[in-house]
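Asks: Structure supplied as target-v5.tsv; contents: TSV, C-alpha atoms.
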chain	number	residue	atom	x	y	z
M	162	MET	CA	0.00	0.00	0.00
M	163	LYS	CA	2.96	2.31	0.62
M	164	LYS	CA	4.04	1.88	-2.98
M	165	VAL	CA	0.53	2.75	-4.14
M	166	PHE	CA	0.33	5.88	-2.00
M	167	ARG	CA	3.80	6.99	-3.05
M	168	ASN	CA	2.82	7.01	-6.71
M	169	LEU	CA	-0.53	8.74	-6.41
M	170	ASP	CA	-0.89	12.13	-8.06
M	171	LYS	CA	-0.80	14.09	-4.78
M	172	PRO	CA	-1.75	17.54	-6.19
M	173	LEU	CA	-4.77	16.01	-7.95
M	174	LEU	CA	-5.74	14.03	-4.84
M	175	ILE	CA	-5.54	17.04	-2.51
M	176	LEU	CA	-7.43	19.36	-4.85
M	177	THR	CA	-10.22	16.88	-5.56
M	178	LEU	CA	-10.68	16.21	-1.83
M	179	LEU	CA	-10.88	19.97	-1.19
M	180	LEU	CA	-13.40	20.42	-4.00
M	181	PHE	CA	-15.58	17.57	-2.69
M	182	VAL	CA	-15.52	19.07	0.82
M	183	PHE	CA	-16.34	22.52	-0.56
M	184	GLY	CA	-19.15	20.98	-2.60
M	185	LEU	CA	-20.55	19.26	0.50
M	186	ILE	CA	-20.63	22.60	2.35
M	187	MET	CA	-22.36	24.29	-0.57
M	188	VAL	CA	-24.88	21.44	-0.90
M	189	PHE	CA	-25.89	22.04	2.71
M	190	SER	CA	-26.07	25.80	2.23
M	191	ALA	CA	-28.10	25.51	-0.99
M	192	SER	CA	-30.44	22.71	0.16
M	193	ASN	CA	-31.37	23.40	3.79
M	194	VAL	CA	-34.30	25.71	2.95
M	195	THR	CA	-35.72	23.40	0.29
M	196	ALA	CA	-35.38	20.34	2.53
M	197	PHE	CA	-37.27	22.00	5.38
M	198	ALA	CA	-39.81	24.18	3.54
M	199	ARG	CA	-40.73	21.97	0.61
M	200	TYR	CA	-40.22	18.44	1.94
M	201	SER	CA	-40.61	18.99	5.71
M	202	ALA	CA	-37.30	17.22	6.25
M	203	SER	CA	-34.27	18.09	8.35
M	204	PRO	CA	-32.20	20.97	6.96
M	205	TYR	CA	-29.29	18.50	7.01
M	206	TYR	CA	-31.15	15.93	4.88
M	207	TYR	CA	-29.25	16.44	1.61
M	208	PHE	CA	-26.01	17.16	3.45
M	209	PHE	CA	-26.06	13.77	5.18
M	210	LYS	CA	-27.06	11.95	2.00
M	211	GLN	CA	-24.26	13.58	0.02
M	212	ALA	CA	-21.81	12.77	2.84
M	213	ILE	CA	-22.85	9.11	2.64
M	214	PHE	CA	-22.31	9.10	-1.13
M	215	LEU	CA	-18.86	10.63	-0.64
M	216	GLY	CA	-18.01	8.06	2.03
M	217	ALA	CA	-19.12	5.20	-0.22
M	218	GLY	CA	-17.12	6.68	-3.07
M	219	LEU	CA	-14.02	7.01	-0.90
M	220	PHE	CA	-14.30	3.35	0.12
M	221	ALA	CA	-14.70	2.29	-3.51
M	222	SER	CA	-11.76	4.48	-4.49
M	223	VAL	CA	-9.41	2.83	-1.99
M	224	LEU	CA	-10.35	-0.57	-3.41
M	225	MET	CA	-10.02	0.53	-7.03
M	226	ILE	CA	-6.62	2.17	-6.71
M	227	LYS	CA	-5.16	-1.16	-5.54
M	228	ARG	CA	-6.25	-3.05	-8.69
M	229	ASN	CA	-4.72	-2.97	-12.18
M	230	THR	CA	-6.61	-1.08	-14.89
M	231	LYS	CA	-6.46	-4.21	-17.05
M	232	LEU	CA	-8.89	-5.88	-14.63
M	233	TYR	CA	-11.39	-3.05	-15.03
M	234	GLY	CA	-11.15	-3.40	-18.79
M	235	ILE	CA	-12.03	-7.09	-18.50
M	236	LEU	CA	-14.93	-6.39	-16.12
M	237	SER	CA	-16.27	-3.54	-18.27
M	238	TRP	CA	-17.95	-5.95	-20.74
M	239	PRO	CA	-20.37	-7.59	-18.25
M	240	ILE	CA	-20.90	-4.29	-16.41
M	241	LEU	CA	-21.80	-2.51	-19.65
M	242	ILE	CA	-24.25	-5.29	-20.54
M	243	ILE	CA	-25.91	-4.87	-17.13
M	244	ILE	CA	-26.14	-1.10	-17.66
M	245	ILE	CA	-27.75	-1.58	-21.08
M	246	GLY	CA	-30.26	-3.97	-19.51
M	247	MET	CA	-31.07	-1.44	-16.78
M	248	LEU	CA	-31.57	1.33	-19.34
M	249	ALA	CA	-33.97	-0.89	-21.28
M	250	VAL	CA	-35.92	-1.84	-18.13
M	251	LEU	CA	-36.26	1.86	-17.20
M	252	LEU	CA	-38.24	2.45	-20.38
M	253	VAL	CA	-40.87	0.06	-19.02
M	254	VAL	CA	-40.87	0.56	-15.24
M	255	GLY	CA	-39.16	3.94	-14.82
M	256	LYS	CA	-41.09	6.67	-13.01
M	257	LEU	CA	-40.84	10.27	-14.12
M	258	LYS	CA	-38.56	12.50	-12.05
M	259	ASN	CA	-37.78	15.97	-13.38
M	260	GLN	CA	-39.64	14.96	-16.56
M	261	ALA	CA	-37.35	11.99	-17.26
M	262	ALA	CA	-37.49	8.29	-16.35
M	263	SER	CA	-33.76	7.98	-15.60
M	264	TRP	CA	-33.68	6.58	-12.06
M	265	PHE	CA	-34.37	3.37	-10.18
M	266	ASP	CA	-35.94	4.49	-6.90
M	267	LEU	CA	-34.52	2.34	-4.09
M	268	GLY	CA	-36.05	4.31	-1.23
M	269	PHE	CA	-33.29	6.22	0.53
M	270	PHE	CA	-31.45	6.81	-2.74
M	271	SER	CA	-31.87	6.42	-6.49
M	272	ILE	CA	-29.57	4.89	-9.11
M	273	GLN	CA	-29.13	6.52	-12.51
M	274	PRO	CA	-27.71	3.90	-14.92
M	275	SER	CA	-26.97	6.48	-17.63
M	276	GLU	CA	-24.39	8.14	-15.35
M	277	PHE	CA	-22.52	4.87	-14.94
M	278	ALA	CA	-22.71	4.33	-18.71
M	279	LYS	CA	-20.57	7.45	-19.27
M	280	VAL	CA	-17.74	6.12	-17.10
M	281	PHE	CA	-17.81	2.46	-18.08
M	282	ILE	CA	-17.91	3.25	-21.80
M	283	ILE	CA	-14.52	4.93	-21.29
M	284	ILE	CA	-13.09	1.82	-19.63
M	285	TRP	CA	-14.64	-0.54	-22.19
M	286	MET	CA	-13.48	1.42	-25.26
M	287	ALA	CA	-9.95	1.76	-23.86
M	288	ARG	CA	-9.78	-1.99	-23.34
M	289	TYR	CA	-11.48	-2.88	-26.64
M	290	TYR	CA	-9.16	-0.80	-28.81
M	291	GLU	CA	-6.12	-2.04	-26.86
M	292	VAL	CA	-7.03	-5.69	-27.50
M	293	ASN	CA	-7.67	-4.94	-31.18
M	294	GLU	CA	-4.78	-2.51	-31.73
M	295	GLU	CA	-3.41	-4.60	-34.62
M	296	ARG	CA	-6.72	-4.47	-36.50
M	297	LEU	CA	-7.64	-0.80	-36.35
M	298	ASP	CA	-7.72	-0.56	-40.14
M	299	HIS	CA	-10.72	-2.94	-40.35
M	300	TYR	CA	-14.14	-1.29	-40.48
M	301	GLY	CA	-15.89	-4.12	-38.66
M	302	VAL	CA	-13.49	-3.96	-35.73
M	303	VAL	CA	-13.35	-0.18	-35.48
M	304	LEU	CA	-17.09	0.48	-35.72
M	305	ILE	CA	-18.32	-1.98	-33.07
M	306	PRO	CA	-17.81	0.47	-30.16
M	307	LEU	CA	-19.65	3.20	-32.10
M	308	ILE	CA	-22.58	0.88	-32.81
M	309	VAL	CA	-22.81	-0.21	-29.16
M	310	SER	CA	-22.52	3.41	-28.02
M	311	PHE	CA	-25.20	4.57	-30.45
M	312	PHE	CA	-27.59	1.99	-29.02
M	313	ILE	CA	-26.87	3.15	-25.46
M	314	ALA	CA	-27.27	6.82	-26.44
M	315	PHE	CA	-30.58	5.96	-28.11
M	316	LEU	CA	-31.87	4.35	-24.89
M	317	ILE	CA	-30.81	7.45	-22.94
M	318	MET	CA	-32.56	9.74	-25.42
M	319	LEU	CA	-35.79	7.76	-25.00
M	320	GLN	CA	-35.91	8.55	-21.24
M	321	PRO	CA	-35.63	11.44	-22.40
M	322	ASP	CA	-32.30	12.82	-21.11
M	323	LEU	CA	-30.72	15.08	-23.72
M	324	GLY	CA	-27.90	16.39	-21.52
M	325	THR	CA	-26.61	12.95	-20.55
M	326	ALA	CA	-26.90	11.72	-24.14
M	327	ILE	CA	-24.88	14.70	-25.40
M	328	ILE	CA	-22.10	14.13	-22.87
M	329	PHE	CA	-22.11	10.37	-23.49
M	330	GLY	CA	-21.84	10.93	-27.24
M	331	GLY	CA	-19.10	13.52	-26.77
M	332	VAL	CA	-17.04	11.14	-24.65
M	333	VAL	CA	-17.44	8.27	-27.14
M	334	PHE	CA	-16.57	10.33	-30.18
M	335	SER	CA	-13.56	11.92	-28.44
M	336	ILE	CA	-12.13	8.50	-27.59
M	337	PHE	CA	-12.73	7.37	-31.17
M	338	LEU	CA	-10.69	10.34	-32.45
M	339	MET	CA	-7.90	9.68	-29.89
M	340	GLU	CA	-7.31	6.11	-30.96
M	341	PRO	CA	-4.71	5.26	-33.66
M	342	ILE	CA	-7.43	4.28	-36.11
M	343	HIS	CA	-6.73	4.48	-39.85
M	344	PRO	CA	-7.20	8.15	-40.92
M	345	LYS	CA	-9.43	7.17	-43.84
M	346	ILE	CA	-11.89	5.45	-41.50
M	347	LYS	CA	-11.87	8.45	-39.16
M	348	ARG	CA	-12.64	10.85	-42.02
M	349	GLN	CA	-15.47	8.70	-43.31
M	350	VAL	CA	-17.02	8.25	-39.86
M	351	LEU	CA	-16.74	11.98	-39.16
M	352	GLY	CA	-18.34	12.85	-42.50
M	353	THR	CA	-21.14	10.34	-41.95
M	354	ALA	CA	-21.79	11.69	-38.45
M	355	LEU	CA	-21.99	15.30	-39.67
M	356	CYS	CA	-24.35	14.31	-42.48
M	357	GLY	CA	-26.49	12.36	-40.02
M	358	ILE	CA	-26.75	15.34	-37.68
M	359	PHE	CA	-27.67	17.62	-40.59
M	360	ILE	CA	-30.36	15.24	-41.86
M	361	ALA	CA	-31.75	14.71	-38.35
M	362	ALA	CA	-31.98	18.48	-37.87
M	363	LEU	CA	-33.86	18.87	-41.18
M	364	VAL	CA	-36.28	16.08	-40.24
M	365	LEU	CA	-36.99	17.63	-36.85
M	366	ILE	CA	-37.51	21.09	-38.33
M	367	SER	CA	-39.84	19.83	-41.06
M	368	SER	CA	-41.81	17.58	-38.70
M	369	GLY	CA	-42.71	20.33	-36.25
M	370	THR	CA	-44.05	18.69	-33.08
M	371	LYS	CA	-44.61	15.26	-34.61
M	372	LEU	CA	-41.29	13.79	-33.48
M	373	ILE	CA	-40.54	15.93	-30.42
M	374	ASN	CA	-43.00	17.07	-27.79
M	375	ALA	CA	-43.78	20.59	-26.63
M	376	ARG	CA	-41.57	20.33	-23.55
M	377	GLN	CA	-38.56	19.33	-25.65
M	378	LEU	CA	-39.23	22.20	-28.05
M	379	GLN	CA	-39.32	24.65	-25.14
M	380	ARG	CA	-35.72	23.77	-24.28
M	381	PHE	CA	-34.57	25.30	-27.56
M	382	ASP	CA	-36.18	28.62	-26.60
M	383	PHE	CA	-33.37	29.55	-24.20
M	384	THR	CA	-32.66	33.18	-25.12
M	385	ASN	CA	-33.97	36.09	-23.00
M	386	PRO	CA	-35.14	33.85	-20.12
M	387	CYS	CA	-36.31	36.78	-17.98
M	388	ASP	CA	-38.96	37.54	-20.60
M	389	ARG	CA	-40.43	34.18	-19.54
M	390	LEU	CA	-39.83	34.55	-15.80
M	391	LEU	CA	-43.17	33.02	-14.83
M	392	ASP	CA	-42.88	30.22	-17.37
M	393	THR	CA	-39.96	28.34	-18.97
M	394	GLY	CA	-37.35	30.99	-18.16
M	395	SER	CA	-37.85	30.87	-14.38
M	396	GLN	CA	-34.77	28.80	-13.48
M	397	VAL	CA	-32.24	30.64	-15.62
M	398	CYS	CA	-33.63	34.09	-14.81
M	399	ASN	CA	-33.54	33.42	-11.07
M	400	GLY	CA	-29.99	32.18	-11.58
M	401	TYR	CA	-29.16	35.54	-13.14
M	402	ILE	CA	-30.66	37.29	-10.13
M	403	ALA	CA	-28.53	35.16	-7.80
M	404	ILE	CA	-25.36	36.03	-9.74
M	405	ASN	CA	-26.29	39.72	-9.73
M	406	ASN	CA	-26.96	39.61	-5.98
M	407	GLY	CA	-23.55	38.13	-5.27
M	408	GLY	CA	-21.37	40.68	-7.00
M	409	MET	CA	-17.63	40.34	-6.47
M	410	THR	CA	-17.60	39.21	-2.84
M	411	GLY	CA	-21.05	37.69	-2.23
M	412	LEU	CA	-23.69	38.03	0.46
M	413	GLY	CA	-21.96	35.61	2.82
M	414	LEU	CA	-22.14	31.83	3.24
M	415	GLY	CA	-25.75	30.78	3.88
M	416	ASN	CA	-27.22	34.16	2.93
M	417	SER	CA	-28.61	33.35	-0.52
M	418	THR	CA	-32.11	34.67	-1.18
M	419	GLN	CA	-32.73	32.69	-4.37
M	420	LYS	CA	-32.57	29.37	-2.53
M	421	TYR	CA	-35.82	30.34	-0.79
M	422	LEU	CA	-37.82	28.36	-3.37
M	423	TYR	CA	-37.13	30.76	-6.25
M	424	LEU	CA	-34.80	28.16	-7.70
M	425	ALA	CA	-36.53	24.76	-7.72
M	426	GLU	CA	-33.48	22.64	-6.79
M	427	PRO	CA	-30.58	25.05	-6.16
M	428	TYR	CA	-28.37	22.27	-4.78
M	429	THR	CA	-28.21	20.36	-8.09
M	430	ASP	CA	-27.45	21.87	-11.49
M	431	PHE	CA	-27.85	25.51	-10.32
M	432	ILE	CA	-25.46	25.31	-7.40
M	433	PHE	CA	-22.94	27.52	-9.21
M	434	THR	CA	-25.35	30.46	-9.01
M	435	ILE	CA	-25.69	29.94	-5.25
M	436	ILE	CA	-21.89	29.92	-4.93
M	437	VAL	CA	-21.72	33.26	-6.75
M	438	GLU	CA	-24.57	34.74	-4.72
M	439	GLU	CA	-23.12	33.72	-1.35
M	440	LEU	CA	-19.36	33.85	-1.96
M	441	GLY	CA	-19.03	36.13	-4.97
M	442	VAL	CA	-17.52	36.15	-8.42
M	443	LEU	CA	-13.97	35.93	-7.05
M	444	VAL	CA	-14.65	32.54	-5.42
M	445	ALA	CA	-16.48	31.40	-8.56
M	446	LEU	CA	-13.41	32.27	-10.63
M	447	ALA	CA	-11.25	30.36	-8.14
M	448	VAL	CA	-13.48	27.32	-8.70
M	449	LEU	CA	-12.95	27.61	-12.46
M	450	VAL	CA	-9.18	27.80	-11.92
M	451	CYS	CA	-9.40	24.63	-9.82
M	452	TYR	CA	-11.28	22.92	-12.66
M	453	ILE	CA	-8.53	23.87	-15.11
M	454	PHE	CA	-5.87	22.47	-12.77
M	455	VAL	CA	-7.79	19.21	-12.30
M	456	LEU	CA	-8.09	18.78	-16.06
M	457	TYR	CA	-4.38	19.58	-16.47
M	458	ARG	CA	-3.36	16.90	-13.93
M	459	VAL	CA	-5.65	14.29	-15.51
M	460	ILE	CA	-4.30	14.97	-19.01
M	461	ARG	CA	-0.72	15.01	-17.65
M	462	THR	CA	-1.25	11.58	-16.13
M	463	GLY	CA	-2.54	10.34	-19.47
M	464	LYS	CA	0.49	11.67	-21.31
M	465	GLN	CA	2.84	9.94	-18.87
M	466	SER	CA	1.07	6.58	-19.09
M	467	TYR	CA	3.14	3.81	-20.66
M	468	THR	CA	0.04	2.05	-22.04
M	469	ASN	CA	-2.47	3.26	-24.58
M	470	ARG	CA	-5.17	1.86	-22.27
M	471	GLY	CA	-4.14	4.14	-19.42
M	472	ALA	CA	-3.77	7.18	-21.67
M	473	VAL	CA	-7.23	6.72	-23.21
M	474	MET	CA	-8.82	6.26	-19.78
M	475	CYS	CA	-7.29	9.53	-18.56
M	476	TYR	CA	-8.17	11.49	-21.69
M	477	GLY	CA	-11.70	10.08	-21.61
M	478	VAL	CA	-12.09	11.15	-17.97
M	479	ALA	CA	-10.81	14.63	-18.86
M	480	VAL	CA	-13.41	14.94	-21.65
M	481	TYR	CA	-16.10	13.59	-19.29
M	482	ILE	CA	-15.33	16.20	-16.62
M	483	PHE	CA	-14.90	19.03	-19.13
M	484	LEU	CA	-18.22	18.35	-20.87
M	485	HIS	CA	-20.06	18.32	-17.54
M	486	ILE	CA	-18.54	21.68	-16.64
M	487	ALA	CA	-19.24	23.20	-20.06
M	488	VAL	CA	-22.81	21.91	-20.48
M	489	ASN	CA	-23.77	22.86	-16.92
M	490	LEU	CA	-22.31	26.39	-16.91
M	491	LEU	CA	-23.39	27.26	-20.45
M	492	GLY	CA	-26.92	26.08	-19.63
M	493	VAL	CA	-27.05	27.96	-16.32
M	494	LEU	CA	-25.82	31.14	-18.06
M	495	GLY	CA	-28.47	30.76	-20.78
M	496	LEU	CA	-25.98	30.28	-23.62
M	497	ILE	CA	-27.30	26.84	-24.57
M	498	PRO	CA	-30.53	24.97	-23.74
M	499	LEU	CA	-30.78	23.94	-20.10
M	500	THR	CA	-30.35	20.17	-19.75
M	501	GLY	CA	-30.05	19.54	-15.99
M	502	VAL	CA	-26.44	18.28	-15.99
M	503	PRO	CA	-24.68	18.25	-12.57
M	504	LEU	CA	-21.58	20.36	-11.94
M	505	PRO	CA	-18.51	18.26	-11.01
M	506	PHE	CA	-17.62	18.09	-7.28
M	507	LEU	CA	-20.30	20.62	-6.32
M	508	SER	CA	-23.77	19.43	-7.31
M	509	TYR	CA	-25.81	17.07	-5.15
M	510	GLY	CA	-26.35	13.61	-6.63
M	511	GLY	CA	-25.45	10.10	-5.60
M	512	SER	CA	-24.95	8.42	-8.97
M	513	TYR	CA	-22.91	11.26	-10.41
M	514	THR	CA	-20.78	11.64	-7.28
M	515	LEU	CA	-19.94	7.92	-7.28
M	516	CYS	CA	-19.19	7.96	-11.02
M	517	LEU	CA	-16.93	11.00	-10.71
M	518	ILE	CA	-14.99	9.34	-7.89
M	519	ILE	CA	-14.70	6.12	-9.94
M	520	ALA	CA	-13.39	8.15	-12.89
M	521	LEU	CA	-10.81	9.97	-10.76
M	522	SER	CA	-9.79	6.67	-9.15
M	523	LEU	CA	-9.01	5.31	-12.63
M	524	VAL	CA	-6.73	8.29	-13.23
M	525	GLN	CA	-4.98	7.73	-9.91
M	526	ARG	CA	-4.55	4.04	-10.72
M	527	VAL	CA	-2.92	4.95	-14.04
M	528	SER	CA	-0.59	7.27	-12.11
M	529	VAL	CA	0.29	4.42	-9.75
M	530	GLU	CA	1.00	1.98	-12.59
M	531	THR	CA	3.19	4.53	-14.35
M	532	GLY	CA	5.08	5.33	-11.14
M	533	VAL	CA	5.66	1.67	-10.26
M	534	ARG	CA	6.97	0.93	-13.75
M	535	ASN	CA	9.32	3.92	-13.61
M	536	GLU	CA	10.62	2.71	-10.24
M	537	LEU	CA	11.32	-0.75	-11.67
M	538	LYS	CA	13.17	0.70	-14.66
M	539	LYS	CA	15.22	2.90	-12.34
M	540	ASN	CA	16.15	-0.05	-10.12
M	541	GLN	CA	17.18	-2.13	-13.13
M	542	LYS	CA	19.74	0.43	-14.24
Translate this structure into structure tokens?
Replies:
Amino acid sequence: MKKVFRNLDKPLLILTLLLFVFGLIMVFSASNVTAFARYSASPYYYFFKQAIFLGAGLFASVLMIKRNTKLYGILSWPILIIIIGMLAVLLVVGKLKNQAASWFDLGFFSIQPSEFAKVFIIIWMARYYEVNEERLDHYGVVLIPLIVSFFIAFLIMLQPDLGTAIIFGGVVFSIFLMEPIHPKIKRQVLGTALCGIFIAALVLISSGTKLINARQLQRFDFTNPCDRLLDTGSQVCNGYIAINNGGMTGLGLGNSTQKYLYLAEPYTDFIFTIIVEELGVLVALAVLVCYIFVLYRVIRTGKQSYTNRGAVMCYGVAVYIFLHIAVNLLGVLGLIPLTGVPLPFLSYGGSYTLCLIIALSLVQRVSVETGVRNELKKNQK
């Protein structure tokens, strides 16, 4: 265990722990009013639940960091099959929550299979392309991960969960472009994908509301949200008010006014606006700097990896984290349609918190494997 700890990426470990602790504090600050006023629960309700998720994630992380990434690649096949089965079952038995049937309700907590799909597709693709590295000029071999991923994305879209499907697709396509696949195949797949998107857009535009419902159409009306304050623009407009209230230095921790039921669930995807309102723009900018540093350390670990498997896992995790940050903040700021995507380290959510910890544990394991190998090479000299 000493060898494992010695080769961990310490800066990444310390920063991620600090961000999770900061997120836990902000979850309590953003959720205590909603828990008490709307659900008649203890003000600490979401705080304790998030703390349990973090504890479970920490336990899982300790176990994961001790095992070789090759094992996770082998296990990713059956796990991914289970996730696909769960996504299919949700279409039959799933109950609507936030207008999407994405969760299995287990009482004290819920499981969102689509979140786990985003992480395990990274592991599976890294392993798949490693095993088939000598045959990456064969269409049949190269396209299998894309076909499997398209099927998973389709199941996620049927829930419907546009935000998760976008991030899932972004992760898959990024890994596809990272791999040493024959350039001709990459160009053809890219061209086909762009044509498919263009045709799909034309079909949706020409069909009106035949293929997408009114609620889904409303998401594309995201400009000038304050003109629709009492309707579809309520969340984003109240987020603007929170940001405006905060100014440079904020109103003080716990002093948000927008968490008093103006924002429906301020402790989830809109937690960034509560951070700005209570702690100010300066702290919000510090959070963004921390995000940049986390992404830098993850990518650095990938570059140092001596296996393509480890590199792809790290790069995939970096894309996964980046897309969550981008889609959340751009949606909250009204620059793209709002999709309800959690903000890394800060938003409340059991499935996403566990998945983020699993993803970061993979990165740390790659760091350990690289460090151990370097030590062996040094001792052999």
Asks: So which residues touch segment 436-452 of chain M within 10 Å, counting only C-alpha atoms, skipping near sequence neighbours fewer than 2 positions away, as an NGL selection string?
Replies: :M and (173 or 176-177 or 179-180 or 183-184 or 187-188 or 190-191 or 400-420 or 431-434 or 454-457 or 482-483 or 486 or 505-507)
Asks: So which residues touch segment 287-301 of chain M within 12 Å, counting only C-alpha atoms, skipping near sequence neighbours fewer than 5 positions away, as a PyMOL selection string?
Replies: chain M and resi 230-238+280-282+306-309+332-333+335-347+349-350+468-478+523
Asks: Using all atoms listed in the file, can you tell me which of M:Val524, M:Ala326, M:Cys356, M:Ala425 comes closest to Gln465 of chain M?
Replies: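 Of M:Val524, M:Ala326, M:Cys356, M:Ala425, the one nearest Gln465 of chain M, counting all atoms listed in the file, is M:Val524.
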Asks: Would you compute the distance between atom CA of Met247 of chain M and atom CA of Gln273 of chain M? Give it in Å to one decimal.
Replies: 9.2 Å
Asks: What are the centre and the three edge lengths of an axis-aligned box that wraps all atoms of segment 177-184 of chain M in the file, given that 4 Å is added to every side, written as AutoDock Vina command-line options and rounded to one decimal in Å?
Replies:
--center_x -14.7 --center_y 19.4 --center_z -2.4 --size_x 16.9 --size_y 14.3 --size_z 14.4
Asks: Just how far from atom CA of Tyr207 of chain M is atom CA of Val250 of chain M, in Å to one decimal?
Replies: 27.7 Å
Asks: Which residue, M:Val364, M:Ala487, M:Val165, M:Ala314, has the smallest gap to Met225 of chain M when you use only C-alpha atoms?
Replies: M:Val165
Asks: Using atom CA of Lys279 of chain M and atom CA of Val303 of chain M as the two end points, give the distance in Å to one decimal.
Replies: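 Separation between atom CA of Lys279 of chain M and atom CA of Val303 of chain M: 19.3 Å.
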Asks: Rank M:Ile272, M:Ile245, M:Leu504, M:Val480 by their smallest atom-to-atom distance to Ile460 of chain M, using only C-alpha atoms, and report the top residue only.
Replies: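 Of the candidates, the smallest distance to Ile460 of chain M is held by M:Val480.
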Asks: Using all atoms listed in the file for the distances, tell me which of M:Val533, M:Leu351, M:Ile435, M:Ile313 is nearest to Phe189 of chain M.
Replies: M:Ile435
Asks: Pick the closest to Lys164 of chain M from M:Leu363, M:Ile226, M:Leu424, M:Met286: which is it, counting only C-alpha atoms?
Replies: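 Distance minimum relative to Lys164 of chain M lands on M:Ile226.
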Asks: Compare M:Gly357, M:Gly216, M:Pro204, M:Gly495 by their minimum atom-to-atom distance to Cys387 of chain M, counting only C-alpha atoms, and give me the closest one.
Replies: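 Looking only at the distances to Cys387 of chain M, the closest residue turns out to be M:Gly495.
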Asks: Mind listing whatever residues come within 12 Å of the point (-28.7, 20.7, 5.2)? Use only C-alpha atoms, file coordinates, and give them as a PyMOL selection string.
Replies: chain M and resi 185-198+202-212+415+428+509
Asks: Hey, what's within 12 Å of segment 323-325 of chain M if we count all atoms listed in the file and toss same-chain stuff fewer than 4 positions away? As an NGL selection string, please?
Replies: :M and (260-261 or 263 or 273-280 or 313-319 or 329-332 or 373 or 377-378 or 380-381 or 430 or 481 or 484-489 or 491-492 or 497-503 or 513)
